[in-house]
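**Student:** data_36.tsv (TSV, C-alpha atoms) pasted underneath:
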```tsv
chain	number	residue	atom	x	y	z
X	1471	MET	CA	0.00	0.00	0.00
X	1472	ASN	CA	1.35	3.41	-0.95
X	1473	SER	CA	1.56	5.88	1.89
X	1474	ILE	CA	3.01	9.27	2.65
X	1475	THR	CA	4.26	10.51	6.00
X	1476	VAL	CA	3.02	13.81	7.38
X	1477	HIS	CA	4.69	15.72	10.22
X	1478	SER	CA	2.52	18.19	12.11
X	1479	SER	CA	4.06	20.86	14.29
X	1480	SER	CA	1.08	22.18	16.28
X	1481	ARG	CA	-2.06	20.77	17.87
X	1482	ASN	CA	-4.41	21.92	15.08
X	1483	GLU	CA	-3.07	22.20	11.59
X	1484	MET	CA	-3.97	21.81	7.93
X	1485	ILE	CA	-1.02	20.55	5.91
X	1486	ASP	CA	-1.03	20.75	2.11
X	1487	ILE	CA	-0.25	17.27	0.73
X	1488	THR	CA	-1.26	17.89	-2.91
X	1489	MET	CA	2.26	17.53	-4.31
X	1490	GLU	CA	2.94	14.33	-2.39
X	1491	VAL	CA	-0.32	12.81	-3.62
X	1492	GLN	CA	0.47	13.82	-7.22
X	1493	GLU	CA	3.86	12.12	-6.90
X	1494	VAL	CA	2.14	8.86	-5.95
X	1495	VAL	CA	-0.14	9.26	-8.99
X	1496	ASP	CA	2.93	9.87	-11.19
X	1497	LYS	CA	4.67	6.72	-9.94
X	1498	SER	CA	1.53	4.63	-10.47
X	1499	GLY	CA	1.51	5.36	-14.19
X	1500	VAL	CA	-2.29	5.61	-14.08
X	1501	LYS	CA	-3.63	8.14	-16.60
X	1502	ASP	CA	-7.36	8.01	-15.93
X	1503	GLY	CA	-8.98	6.81	-12.73
X	1504	TYR	CA	-9.01	7.99	-9.16
X	1505	ALA	CA	-7.08	8.11	-5.93
X	1506	ILE	CA	-8.49	6.98	-2.60
X	1507	LEU	CA	-6.81	8.83	0.28
X	1508	TYR	CA	-7.29	7.21	3.68
X	1509	VAL	CA	-6.11	8.50	7.06
X	1510	PRO	CA	-5.66	5.60	9.53
X	1511	HIS	CA	-5.87	7.87	12.58
X	1512	THR	CA	-8.88	8.77	14.73
X	1513	THR	CA	-7.85	12.33	15.61
X	1514	ALA	CA	-6.99	13.46	12.09
X	1515	ALA	CA	-8.79	13.75	8.74
X	1516	VAL	CA	-8.38	14.70	5.09
X	1517	THR	CA	-10.16	17.44	3.17
X	1518	VAL	CA	-10.00	19.47	-0.03
X	1519	ASN	CA	-10.21	23.26	0.12
X	1520	GLU	CA	-8.62	26.50	-1.06
X	1521	GLY	CA	-4.85	26.47	-1.07
X	1522	ALA	CA	-4.07	29.91	-2.50
X	1523	ASP	CA	-4.78	32.09	0.53
X	1524	PRO	CA	-3.46	30.62	3.83
X	1525	SER	CA	-6.12	32.58	5.73
X	1526	VAL	CA	-8.71	30.06	4.50
X	1527	LYS	CA	-7.14	27.18	6.41
X	1528	HIS	CA	-6.76	29.50	9.41
X	1529	ASP	CA	-10.49	30.27	9.27
X	1530	ILE	CA	-11.43	26.59	8.91
X	1531	LEU	CA	-9.31	25.59	11.92
X	1532	SER	CA	-10.63	28.50	13.95
X	1533	ALA	CA	-14.28	27.71	13.11
X	1534	LEU	CA	-13.78	24.05	14.02
X	1535	ASN	CA	-12.28	25.11	17.36
X	1536	LYS	CA	-15.32	27.26	18.08
X	1537	LEU	CA	-17.75	24.50	17.13
X	1538	VAL	CA	-15.87	21.79	19.03
X	1539	PRO	CA	-13.86	23.32	21.88
X	1540	HIS	CA	-10.76	21.55	23.22
X	1541	ASP	CA	-12.15	21.43	26.75
X	1542	ALA	CA	-15.89	20.98	27.06
X	1543	GLY	CA	-16.41	18.42	29.82
X	1544	TYR	CA	-15.84	15.35	27.66
X	1545	ASN	CA	-15.92	11.82	29.10
X	1546	HIS	CA	-12.91	10.45	27.18
X	1547	ALA	CA	-9.96	10.95	29.52
X	1548	GLU	CA	-7.18	11.54	27.01
X	1549	GLY	CA	-7.98	15.23	26.46
X	1550	ASN	CA	-8.44	14.83	22.71
X	1551	SER	CA	-12.17	14.23	22.31
X	1552	ASP	CA	-12.42	17.42	20.26
X	1553	ALA	CA	-10.05	15.90	17.71
X	1554	HIS	CA	-12.06	12.65	17.52
X	1555	ILE	CA	-15.24	14.65	16.93
X	1556	LYS	CA	-13.64	16.83	14.24
X	1557	SER	CA	-12.28	13.70	12.54
X	1558	SER	CA	-15.84	12.37	12.06
X	1559	ILE	CA	-17.11	15.77	10.93
X	1560	ILE	CA	-14.39	16.25	8.27
X	1561	GLY	CA	-13.92	12.56	7.46
X	1562	CYS	CA	-10.93	10.24	7.25
X	1563	SER	CA	-11.07	9.52	3.54
X	1564	GLN	CA	-11.27	11.47	0.30
X	1565	THR	CA	-11.63	10.35	-3.29
X	1566	VAL	CA	-10.03	12.47	-6.03
X	1567	LEU	CA	-10.41	11.83	-9.77
X	1568	ILE	CA	-7.41	11.53	-12.09
X	1569	GLU	CA	-7.40	12.68	-15.72
X	1570	ASN	CA	-4.40	12.55	-18.09
X	1571	GLY	CA	-2.18	11.54	-15.18
X	1572	LYS	CA	-3.09	14.59	-13.09
X	1573	LEU	CA	-5.31	14.96	-10.01
X	1574	LEU	CA	-8.50	16.56	-11.36
X	1575	LEU	CA	-8.68	19.36	-8.80
X	1576	GLY	CA	-10.52	22.65	-9.23
X	1577	THR	CA	-8.51	25.83	-9.84
X	1578	TRP	CA	-8.25	26.68	-6.14
X	1579	GLN	CA	-8.39	23.19	-4.68
X	1580	HIS	CA	-5.56	21.67	-2.69
X	1581	ILE	CA	-5.62	18.49	-0.62
X	1582	PHE	CA	-5.07	19.02	3.10
X	1583	PHE	CA	-4.22	16.64	5.91
X	1584	PHE	CA	-6.13	17.82	8.97
X	1585	GLU	CA	-4.27	17.37	12.26
X	1586	GLY	CA	-6.42	17.59	15.40
X	1587	ASP	CA	-4.09	16.32	18.10
X	1588	GLY	CA	-0.54	17.19	17.04
X	1589	PRO	CA	2.29	17.59	16.88
X	1590	ARG	CA	2.63	14.03	15.60
X	1591	THR	CA	4.02	11.96	12.77
X	1592	ARG	CA	1.11	10.65	10.70
X	1593	LYS	CA	0.46	8.48	7.69
X	1594	VAL	CA	-1.93	8.76	4.75
X	1595	TYR	CA	-2.61	5.67	2.63
X	1596	ILE	CA	-2.99	6.43	-1.07
X	1597	GLU	CA	-4.33	3.81	-3.45
X	1598	ILE	CA	-4.54	4.59	-7.17
X	1599	PHE	CA	-7.07	2.84	-9.38
X	1600	GLY	CA	-7.06	2.99	-13.18
X	1601	LYS	CA	-10.25	3.17	-15.16
G	1349	MET	CA	-14.64	13.49	-17.97
G	1350	ASN	CA	-18.42	13.68	-17.67
G	1351	SER	CA	-19.75	16.75	-15.95
G	1352	ILE	CA	-23.01	18.53	-15.35
G	1353	THR	CA	-23.55	22.26	-14.98
G	1354	VAL	CA	-25.46	23.61	-12.00
G	1355	HIS	CA	-26.88	27.14	-11.78
G	1356	SER	CA	-27.53	28.49	-8.31
G	1357	SER	CA	-29.78	31.49	-7.77
G	1358	SER	CA	-29.08	32.47	-4.16
G	1359	ARG	CA	-26.09	32.55	-1.81
G	1360	ASN	CA	-26.98	29.34	0.05
G	1361	GLU	CA	-28.87	26.66	-1.79
G	1362	MET	CA	-29.31	22.91	-2.11
G	1363	ILE	CA	-30.06	21.92	-5.70
G	1364	ASP	CA	-31.42	18.45	-6.52
G	1365	ILE	CA	-29.17	16.89	-9.20
G	1366	THR	CA	-30.42	13.28	-8.93
G	1367	MET	CA	-31.97	13.20	-12.42
G	1368	GLU	CA	-28.90	14.69	-14.07
G	1369	VAL	CA	-26.64	12.14	-12.36
G	1370	GLN	CA	-28.96	9.28	-13.41
G	1371	GLU	CA	-28.78	10.51	-17.01
G	1372	VAL	CA	-24.98	10.25	-16.90
G	1373	VAL	CA	-25.35	6.70	-15.54
G	1374	ASP	CA	-27.80	5.87	-18.35
G	1375	LYS	CA	-25.42	7.12	-21.04
G	1376	SER	CA	-22.50	5.19	-19.55
G	1377	GLY	CA	-24.28	1.88	-20.07
G	1378	VAL	CA	-22.92	0.65	-16.74
G	1379	LYS	CA	-25.33	-1.72	-15.01
G	1380	ASP	CA	-23.51	-2.47	-11.76
G	1381	GLY	CA	-20.82	-0.33	-10.20
G	1382	TYR	CA	-20.70	3.14	-8.75
G	1383	ALA	CA	-20.59	6.82	-9.52
G	1384	ILE	CA	-18.01	9.20	-8.07
G	1385	LEU	CA	-19.38	12.74	-7.88
G	1386	TYR	CA	-16.75	15.43	-7.44
G	1387	VAL	CA	-17.27	19.17	-6.98
G	1388	PRO	CA	-14.19	21.14	-8.17
G	1389	HIS	CA	-15.12	24.23	-6.15
G	1390	THR	CA	-14.01	25.26	-2.66
G	1391	THR	CA	-17.21	27.03	-1.58
G	1392	ALA	CA	-19.62	24.28	-2.61
G	1393	ALA	CA	-20.18	20.62	-1.78
G	1394	VAL	CA	-22.30	17.55	-2.55
G	1395	THR	CA	-24.53	15.58	-0.20
G	1396	VAL	CA	-27.33	13.03	-0.12
G	1397	ASN	CA	-30.44	13.72	1.93
G	1398	GLU	CA	-34.25	13.72	1.89
G	1399	GLY	CA	-35.76	15.06	-1.32
G	1400	ALA	CA	-39.48	14.59	-0.65
G	1401	ASP	CA	-40.11	17.50	1.75
G	1402	PRO	CA	-38.37	20.76	0.72
G	1403	SER	CA	-38.37	21.87	4.38
G	1404	VAL	CA	-35.54	19.39	5.03
G	1405	LYS	CA	-33.11	21.25	2.77
G	1406	HIS	CA	-34.33	24.51	4.31
G	1407	ASP	CA	-33.52	23.16	7.79
G	1408	ILE	CA	-30.09	21.89	6.70
G	1409	LEU	CA	-29.13	25.26	5.17
G	1410	SER	CA	-30.48	27.12	8.19
G	1411	ALA	CA	-28.58	24.91	10.66
G	1412	LEU	CA	-25.35	25.33	8.69
G	1413	ASN	CA	-25.83	29.12	8.75
G	1414	LYS	CA	-26.22	29.03	12.54
G	1415	LEU	CA	-23.15	26.82	13.00
G	1416	VAL	CA	-21.00	28.81	10.57
G	1417	PRO	CA	-22.25	32.41	10.31
G	1418	HIS	CA	-21.58	34.46	7.19
G	1419	ASP	CA	-19.80	37.19	9.15
G	1420	ALA	CA	-17.80	36.06	12.14
G	1421	GLY	CA	-14.54	37.98	12.02
G	1422	TYR	CA	-12.81	35.70	9.54
G	1423	ASN	CA	-9.29	36.42	8.24
G	1424	HIS	CA	-9.94	35.52	4.57
G	1425	ALA	CA	-10.81	38.81	2.91
G	1426	GLU	CA	-13.25	37.60	0.24
G	1427	GLY	CA	-16.25	37.40	2.57
G	1428	ASN	CA	-16.90	33.73	1.86
G	1429	SER	CA	-14.98	31.93	4.60
G	1430	ASP	CA	-18.26	30.48	5.87
G	1431	ALA	CA	-18.72	28.75	2.50
G	1432	HIS	CA	-15.18	27.32	2.58
G	1433	ILE	CA	-15.79	25.96	6.08
G	1434	LYS	CA	-19.14	24.41	5.13
G	1435	SER	CA	-17.52	22.84	2.06
G	1436	SER	CA	-15.10	20.91	4.28
G	1437	ILE	CA	-17.86	19.95	6.72
G	1438	ILE	CA	-20.20	18.58	4.03
G	1439	GLY	CA	-17.48	17.39	1.65
G	1440	CYS	CA	-16.76	17.90	-2.05
G	1441	SER	CA	-17.23	14.31	-3.18
G	1442	GLN	CA	-19.84	11.58	-2.86
G	1443	THR	CA	-19.85	7.97	-3.97
G	1444	VAL	CA	-23.17	6.37	-4.95
G	1445	LEU	CA	-23.64	2.70	-5.84
G	1446	ILE	CA	-25.32	1.60	-9.09
G	1447	GLU	CA	-27.44	-1.55	-9.43
G	1448	ASN	CA	-29.27	-2.66	-12.58
G	1449	GLY	CA	-28.40	0.65	-14.23
G	1450	LYS	CA	-30.00	2.72	-11.47
G	1451	LEU	CA	-28.46	4.82	-8.68
G	1452	LEU	CA	-28.96	2.70	-5.56
G	1453	LEU	CA	-30.50	5.44	-3.41
G	1454	GLY	CA	-32.70	4.92	-0.38
G	1455	THR	CA	-36.45	5.60	-0.67
G	1456	TRP	CA	-36.15	9.23	0.42
G	1457	GLN	CA	-32.62	9.96	-0.79
G	1458	HIS	CA	-31.85	12.55	-3.44
G	1459	ILE	CA	-28.45	13.91	-4.42
G	1460	PHE	CA	-27.96	17.62	-3.73
G	1461	PHE	CA	-25.40	20.12	-4.91
G	1462	PHE	CA	-24.67	22.44	-1.99
G	1463	GLU	CA	-24.02	26.06	-2.96
G	1464	GLY	CA	-22.36	28.19	-0.28
G	1465	ASP	CA	-21.38	31.31	-2.21
G	1466	GLY	CA	-23.90	31.76	-5.01
G	1467	PRO	CA	-25.42	32.71	-7.24
G	1468	ARG	CA	-22.92	31.07	-9.58
G	1469	THR	CA	-22.57	28.63	-12.43
G	1470	ARG	CA	-20.92	25.47	-11.13
G	1471	LYS	CA	-19.72	22.12	-12.36
G	1472	VAL	CA	-19.92	18.60	-10.94
G	1473	TYR	CA	-17.65	15.90	-12.38
G	1474	ILE	CA	-19.30	12.49	-12.59
G	1475	GLU	CA	-17.26	9.40	-13.32
G	1476	ILE	CA	-18.99	6.03	-13.67
G	1477	PHE	CA	-17.15	2.80	-12.94
G	1478	GLY	CA	-18.46	-0.66	-13.79
G	1479	LYS	CA	-17.91	-3.59	-11.49
M	810	MET	CA	-25.88	-6.06	-3.49
M	811	ASN	CA	-24.41	-7.14	-0.15
M	812	SER	CA	-25.97	-5.55	2.87
M	813	ILE	CA	-26.00	-5.88	6.62
M	814	THR	CA	-28.87	-5.13	8.97
M	815	VAL	CA	-28.34	-2.86	11.96
M	816	HIS	CA	-30.71	-2.60	14.91
M	817	SER	CA	-30.53	0.59	16.96
M	818	SER	CA	-32.02	0.76	20.44
M	819	SER	CA	-32.03	4.48	21.21
M	820	ARG	CA	-32.58	7.74	19.30
M	821	ASN	CA	-28.88	8.58	18.95
M	822	GLU	CA	-26.39	5.78	18.78
M	823	MET	CA	-23.08	4.73	17.25
M	824	ILE	CA	-23.04	1.00	16.52
M	825	ASP	CA	-19.78	-0.79	15.78
M	826	ILE	CA	-20.17	-2.71	12.49
M	827	THR	CA	-16.48	-3.50	11.86
M	828	MET	CA	-16.87	-7.26	12.29
M	829	GLU	CA	-19.92	-7.45	10.02
M	830	VAL	CA	-18.11	-5.48	7.30
M	831	GLN	CA	-15.04	-7.72	7.60
M	832	GLU	CA	-17.31	-10.78	7.18
M	833	VAL	CA	-18.57	-9.35	3.88
M	834	VAL	CA	-14.95	-8.81	2.79
M	835	ASP	CA	-14.13	-12.42	3.78
M	836	LYS	CA	-17.01	-13.83	1.73
M	837	SER	CA	-16.05	-11.73	-1.31
M	838	GLY	CA	-12.66	-13.40	-1.55
M	839	VAL	CA	-11.13	-10.03	-2.47
M	840	LYS	CA	-7.56	-9.70	-1.17
M	841	ASP	CA	-6.65	-6.17	-2.28
M	842	GLY	CA	-9.10	-3.42	-3.11
M	843	TYR	CA	-11.67	-1.48	-1.18
M	844	ALA	CA	-15.13	-1.55	0.32
M	845	ILE	CA	-17.75	1.10	-0.33
M	846	LEU	CA	-20.19	1.35	2.58
M	847	TYR	CA	-23.42	3.14	1.77
M	848	VAL	CA	-26.29	3.99	4.14
M	849	PRO	CA	-29.59	4.33	2.22
M	850	HIS	CA	-31.24	6.34	5.00
M	851	THR	CA	-31.51	10.13	5.41
M	852	THR	CA	-31.38	10.24	9.21
M	853	ALA	CA	-28.35	7.98	9.66
M	854	ALA	CA	-24.72	7.95	8.55
M	855	VAL	CA	-21.46	5.97	8.65
M	856	THR	CA	-18.14	7.02	10.15
M	857	VAL	CA	-14.79	5.65	11.28
M	858	ASN	CA	-13.47	6.54	14.73
M	859	GLU	CA	-11.94	5.13	17.92
M	860	GLY	CA	-13.47	1.88	19.06
M	861	ALA	CA	-11.35	1.08	22.12
M	862	ASP	CA	-12.84	3.51	24.64
M	863	PRO	CA	-16.68	3.73	24.49
M	864	SER	CA	-16.49	7.25	25.94
M	865	VAL	CA	-15.30	8.47	22.51
M	866	LYS	CA	-18.59	7.58	20.83
M	867	HIS	CA	-20.43	9.08	23.81
M	868	ASP	CA	-18.52	12.35	23.33
M	869	ILE	CA	-19.16	12.38	19.56
M	870	LEU	CA	-22.91	11.86	20.03
M	871	SER	CA	-23.03	14.45	22.79
M	872	ALA	CA	-21.14	17.06	20.74
M	873	LEU	CA	-23.41	16.48	17.74
M	874	ASN	CA	-26.45	16.98	20.00
M	875	LYS	CA	-25.04	20.29	21.21
M	876	LEU	CA	-24.25	21.47	17.67
M	877	VAL	CA	-27.58	20.33	16.24
M	878	PRO	CA	-30.23	20.23	18.98
M	879	HIS	CA	-33.25	17.93	18.65
M	880	ASP	CA	-35.70	20.82	18.95
M	881	ALA	CA	-34.61	24.12	17.43
M	882	GLY	CA	-37.62	25.49	15.59
M	883	TYR	CA	-37.15	23.46	12.44
M	884	ASN	CA	-39.60	23.63	9.52
M	885	HIS	CA	-39.71	19.91	8.74
M	886	ALA	CA	-42.70	18.58	10.68
M	887	GLU	CA	-41.50	15.06	11.48
M	888	GLY	CA	-39.39	16.09	14.47
M	889	ASN	CA	-36.19	14.60	13.05
M	890	SER	CA	-34.56	17.53	11.24
M	891	ASP	CA	-31.59	17.26	13.60
M	892	ALA	CA	-30.96	13.74	12.31
M	893	HIS	CA	-31.16	14.85	8.66
M	894	ILE	CA	-28.64	17.63	9.36
M	895	LYS	CA	-26.26	15.28	11.20
M	896	SER	CA	-26.51	12.80	8.33
M	897	SER	CA	-25.15	15.39	5.90
M	898	ILE	CA	-22.45	16.49	8.35
M	899	ILE	CA	-21.16	12.95	8.99
M	900	GLY	CA	-21.97	11.54	5.55
M	901	CYS	CA	-23.85	8.49	4.29
M	902	SER	CA	-20.94	6.70	2.67
M	903	GLN	CA	-17.43	5.62	3.62
M	904	THR	CA	-14.68	4.00	1.60
M	905	VAL	CA	-12.26	1.64	3.37
M	906	LEU	CA	-9.20	0.06	1.77
M	907	ILE	CA	-8.58	-3.71	1.85
M	908	GLU	CA	-5.11	-5.30	2.04
M	909	ASN	CA	-4.40	-9.03	2.27
M	910	GLY	CA	-8.11	-9.69	2.75
M	911	LYS	CA	-8.38	-7.40	5.76
M	912	LEU	CA	-9.94	-3.94	6.17
M	913	LEU	CA	-6.94	-1.59	6.32
M	914	LEU	CA	-8.00	0.27	9.47
M	915	GLY	CA	-5.70	2.16	11.81
M	916	THR	CA	-4.87	0.67	15.21
M	917	TRP	CA	-7.77	2.36	16.97
M	918	GLN	CA	-10.20	2.65	14.06
M	919	HIS	CA	-13.57	0.91	14.04
M	920	ILE	CA	-16.43	1.45	11.59
M	921	PHE	CA	-19.58	2.87	13.16
M	922	PHE	CA	-23.14	3.13	11.92
M	923	PHE	CA	-24.52	6.44	13.17
M	924	GLU	CA	-28.20	6.36	14.13
M	925	GLY	CA	-29.88	9.77	14.43
M	926	ASP	CA	-33.56	8.86	14.64
M	927	GLY	CA	-33.78	5.44	16.30
M	928	PRO	CA	-34.67	3.00	17.51
M	929	ARG	CA	-35.00	1.49	14.04
M	930	THR	CA	-33.94	-1.41	11.87
M	931	ARG	CA	-31.49	-0.12	9.25
M	932	LYS	CA	-29.49	-1.37	6.32
M	933	VAL	CA	-25.94	-0.70	5.13
M	934	TYR	CA	-24.99	-1.64	1.57
M	935	ILE	CA	-21.46	-2.98	1.24
M	936	GLU	CA	-19.87	-3.42	-2.15
M	937	ILE	CA	-16.38	-4.91	-2.42
M	938	PHE	CA	-14.12	-4.10	-5.35
M	939	GLY	CA	-10.86	-5.92	-6.14
M	940	LYS	CA	-7.86	-4.10	-7.47
```
Is it possible to give me this structure as structure tokens?
**Tutor:**
Amino acid sequence: MNSITVHSSSRNEMIDITMEVQEVVDKSGVKDGYAILYVPHTTAAVTVNEGADPSVKHDILSALNKLVPHDAGYNHAEGNSDAHIKSSIIGCSQTVLIENGKLLLGTWQHIFFFEGDGPRTRKVYIEIFGK
Amino acid sequence: MNSITVHSSSRNEMIDITMEVQEVVDKSGVKDGYAILYVPHTTAAVTVNEGADPSVKHDILSALNKLVPHDAGYNHAEGNSDAHIKSSIIGCSQTVLIENGKLLLGTWQHIFFFEGDGPRTRKVYIEIFGK
Amino acid sequence: MNSITVHSSSRNEMIDITMEVQEVVDKSGVKDGYAILYVPHTTAAVTVNEGADPSVKHDILSALNKLVPHDAGYNHAEGNSDAHIKSSIIGCSQTVLIENGKLLLGTWQHIFFFEGDGPRTRKVYIEIFGK
């Protein structure tokens, strides 16, 4: 199984992994098909959003922190329930189409690894399927 | 790549695209497999929900507006951070199974394009894969 | 189409279906590929999260109830708008990779059926695709 390693440096972070995913597509030789990205962690996620202006990922992280505060009287004793909740809201997998050997992203779209309980070293599985 | 065009007429909107997606399935000739729907925009999304009572989509849009207000002191200067945030919460892709040439939806399920920053003309990529 | 039946016993519930999904993978004989899980209901969903400590699913359900209260002046008259909204937030489908005949889940990951309007008898479609 192909995978990439992601290093987060703060508790909440969105890390652009578009180039790394494209490299896996390149190596696969697949021209038309799709990539399944899968995060095997329960306090992280994967999403697609605007990559041009870094204030967008700041606003997403900030909104998620308001919706799901770090400390809110959770039962789970590890202090990271907020990250588990965000993981299910954003989702741990993402499918992206591939056309002519390139990820078929919109003009502004980048692929982001969402870290909810960093800093940590994480993994994203990437499986490429041809048409 | 197959795609359909969606025209939104207000800022927040859920537009039923079930028939258009089924037409793409029909043309593909695929009897058993699945459709990957992919929205190449960062202020829109795609979701499946009840299509019988229009008050359901009203309630979904209204709840999203309460959770992620239009103006809430965001950093991103384009005034559409709420739409970016909702896009990552709802998600820009959806997989739907196909059986006997038909989208395998539940009794009440319809496929909706979610517009978060309309009115605009949008695109949804639809790729059909046979089993 | 393969499917499993899920019985919920309360209004909001997360039910671990990992073993049932693995059984469908086993019967398929597929060694490497992926499973598409699809919930054909509009007040339920499917998600992957921590299965070791039951307080995690408690915290997820509790946070969703705070974000989307049961009664909040919704238009839809059936009293289950909260469940429709949660369904679109969590999502009605999930893709999981398969390696060597096993669901490629992270150490702590289990697959959960999310019930938002139980108790009910529900269905999850599971389609297995080989590489």
**Student:** Pick out the residues sitting within 7 Å of Ile1365 of chain G, and hand them over as a ChimeraX atom specification; count only C-alpha atoms, and ignore anything fewer than 2 positions along from it in its own chain.
**Tutor:** /G:1363,1367-1369,1459-1461
**Student:** Atom CA of Phe1477 of chain G to atom CA of Tyr1382 of chain G: how many Å, to one decimal?
**Tutor:**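 Rounded to one decimal, the two atoms are 5.5 Å apart.
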**Student:** Identify every residue of chain G that has at least one atom within 7 Å of any atom of chain M, counting only C-alpha atoms, and report the result as a list in words.
**Tutor:** Thr1395, Val1396, Asn1397, Glu1398, Ser1403, Val1404, Asp1407, Ile1408, Ile1437, Ile1438, Thr1443, Leu1453, Gly1454, Trp1456 and Gln1457 of chain G
**Student:** Please report the interatomic distance between atom CA of Leu1445 of chain G and atom CA of Gly1381 of chain G in Å with one decimal.
**Tutor:** 6.0 Å
**Student:** What does the distance from atom CA of Gln831 of chain M to atom CA of Gly925 of chain M come to in Å, to one decimal?
**Tutor:**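 Computed distance, atom CA of Gln831 of chain M to atom CA of Gly925 of chain M, equals 23.9 Å.
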**Student:** Choose the residue, out of G:Glu1447, G:Asp1380, G:Glu1361, G:Asp1419, that has the smallest atom-to-atom separation from Ala1393 of chain G; count all atoms listed in the file.
**Tutor:** G:Glu1361
**Student:** Would you pick out the contacts of segment 816-818 of chain M at 6 Å or less, using only C-alpha atoms, so that residues sharing its chain but fewer than 6 positions from it are not included, and give the list as a ChimeraX atom specification?
**Tutor:** /M:927-930
**Student:** Using the file's own x, y and z axes, so that the box edges lie along x, y and z, what centre and edge lengths in Å (one decimal) does a box around every listed atom of segment 1362-1378 of chain G get when 3 Å is added on each side? Give it as lines of an AutoDock Vina configuration file.
**Tutor:**
```
center_x = -27.2
center_y = 11.8
center_z = -11.6
size_x = 15.5
size_y = 28.3
size_z = 24.9
```
**Student:** Any idea what's packed within 8 Å of Met823 of chain M, counting only C-alpha atoms, ignoring anything in its chain fewer than 2 positions away? Could you give it as a PyMOL selection string?
**Tutor:** chain M and resi 821+825+866+870+921-924
**Student:** Supply segment 1495-1499 of chain X as a PDB file, in the coordinates of the input, with all heavy atoms built in where the input has gaps.
**Tutor:**
```
ATOM      1  N   VAL X1495       0.571   9.469  -7.714  1.00  0.00           N
ATOM      2  CA  VAL X1495      -0.140   9.260  -8.990  1.00  0.00           C
ATOM      3  C   VAL X1495       0.876   9.080 -10.119  1.00  0.00           C
ATOM      4  O   VAL X1495       0.757   8.161 -10.940  1.00  0.00           O
ATOM      5  CB  VAL X1495      -1.088  10.454  -9.290  1.00  0.00           C
ATOM      6  CG1 VAL X1495      -1.713  10.303 -10.681  1.00  0.00           C
ATOM      7  CG2 VAL X1495      -2.166  10.575  -8.223  1.00  0.00           C
ATOM      8  N   ASP X1496       1.887   9.952 -10.152  1.00  0.00           N
ATOM      9  CA  ASP X1496       2.930   9.870 -11.190  1.00  0.00           C
ATOM     10  C   ASP X1496       3.572   8.484 -11.204  1.00  0.00           C
ATOM     11  O   ASP X1496       3.705   7.849 -12.252  1.00  0.00           O
ATOM     12  CB  ASP X1496       4.027  10.918 -10.935  1.00  0.00           C
ATOM     13  CG  ASP X1496       3.523  12.347 -11.144  1.00  0.00           C
ATOM     14  OD1 ASP X1496       2.433  12.526 -11.727  1.00  0.00           O
ATOM     15  OD2 ASP X1496       4.220  13.289 -10.701  1.00  0.00           O
ATOM     16  N   LYS X1497       3.975   8.014 -10.031  1.00  0.00           N
ATOM     17  CA  LYS X1497       4.670   6.720  -9.940  1.00  0.00           C
ATOM     18  C   LYS X1497       3.764   5.565 -10.346  1.00  0.00           C
ATOM     19  O   LYS X1497       4.239   4.532 -10.806  1.00  0.00           O
ATOM     20  CB  LYS X1497       5.172   6.499  -8.509  1.00  0.00           C
ATOM     21  CG  LYS X1497       6.447   7.287  -8.214  1.00  0.00           C
ATOM     22  CD  LYS X1497       6.948   7.038  -6.789  1.00  0.00           C
ATOM     23  CE  LYS X1497       7.999   8.082  -6.408  1.00  0.00           C
ATOM     24  NZ  LYS X1497       8.025   8.323  -4.938  1.00  0.00           N
ATOM     25  N   SER X1498       2.455   5.717 -10.145  1.00  0.00           N
ATOM     26  CA  SER X1498       1.530   4.630 -10.470  1.00  0.00           C
ATOM     27  C   SER X1498       1.402   4.411 -11.971  1.00  0.00           C
ATOM     28  O   SER X1498       1.016   3.333 -12.415  1.00  0.00           O
ATOM     29  CB  SER X1498       0.141   4.938  -9.895  1.00  0.00           C
ATOM     30  OG  SER X1498      -0.517   5.912 -10.695  1.00  0.00           O
ATOM     31  N   GLY X1499       1.678   5.465 -12.747  1.00  0.00           N
ATOM     32  CA  GLY X1499       1.510   5.360 -14.190  1.00  0.00           C
ATOM     33  C   GLY X1499       0.066   5.429 -14.652  1.00  0.00           C
ATOM     34  O   GLY X1499      -0.212   5.367 -15.851  1.00  0.00           O
TER      35      GLY X1499
END
```
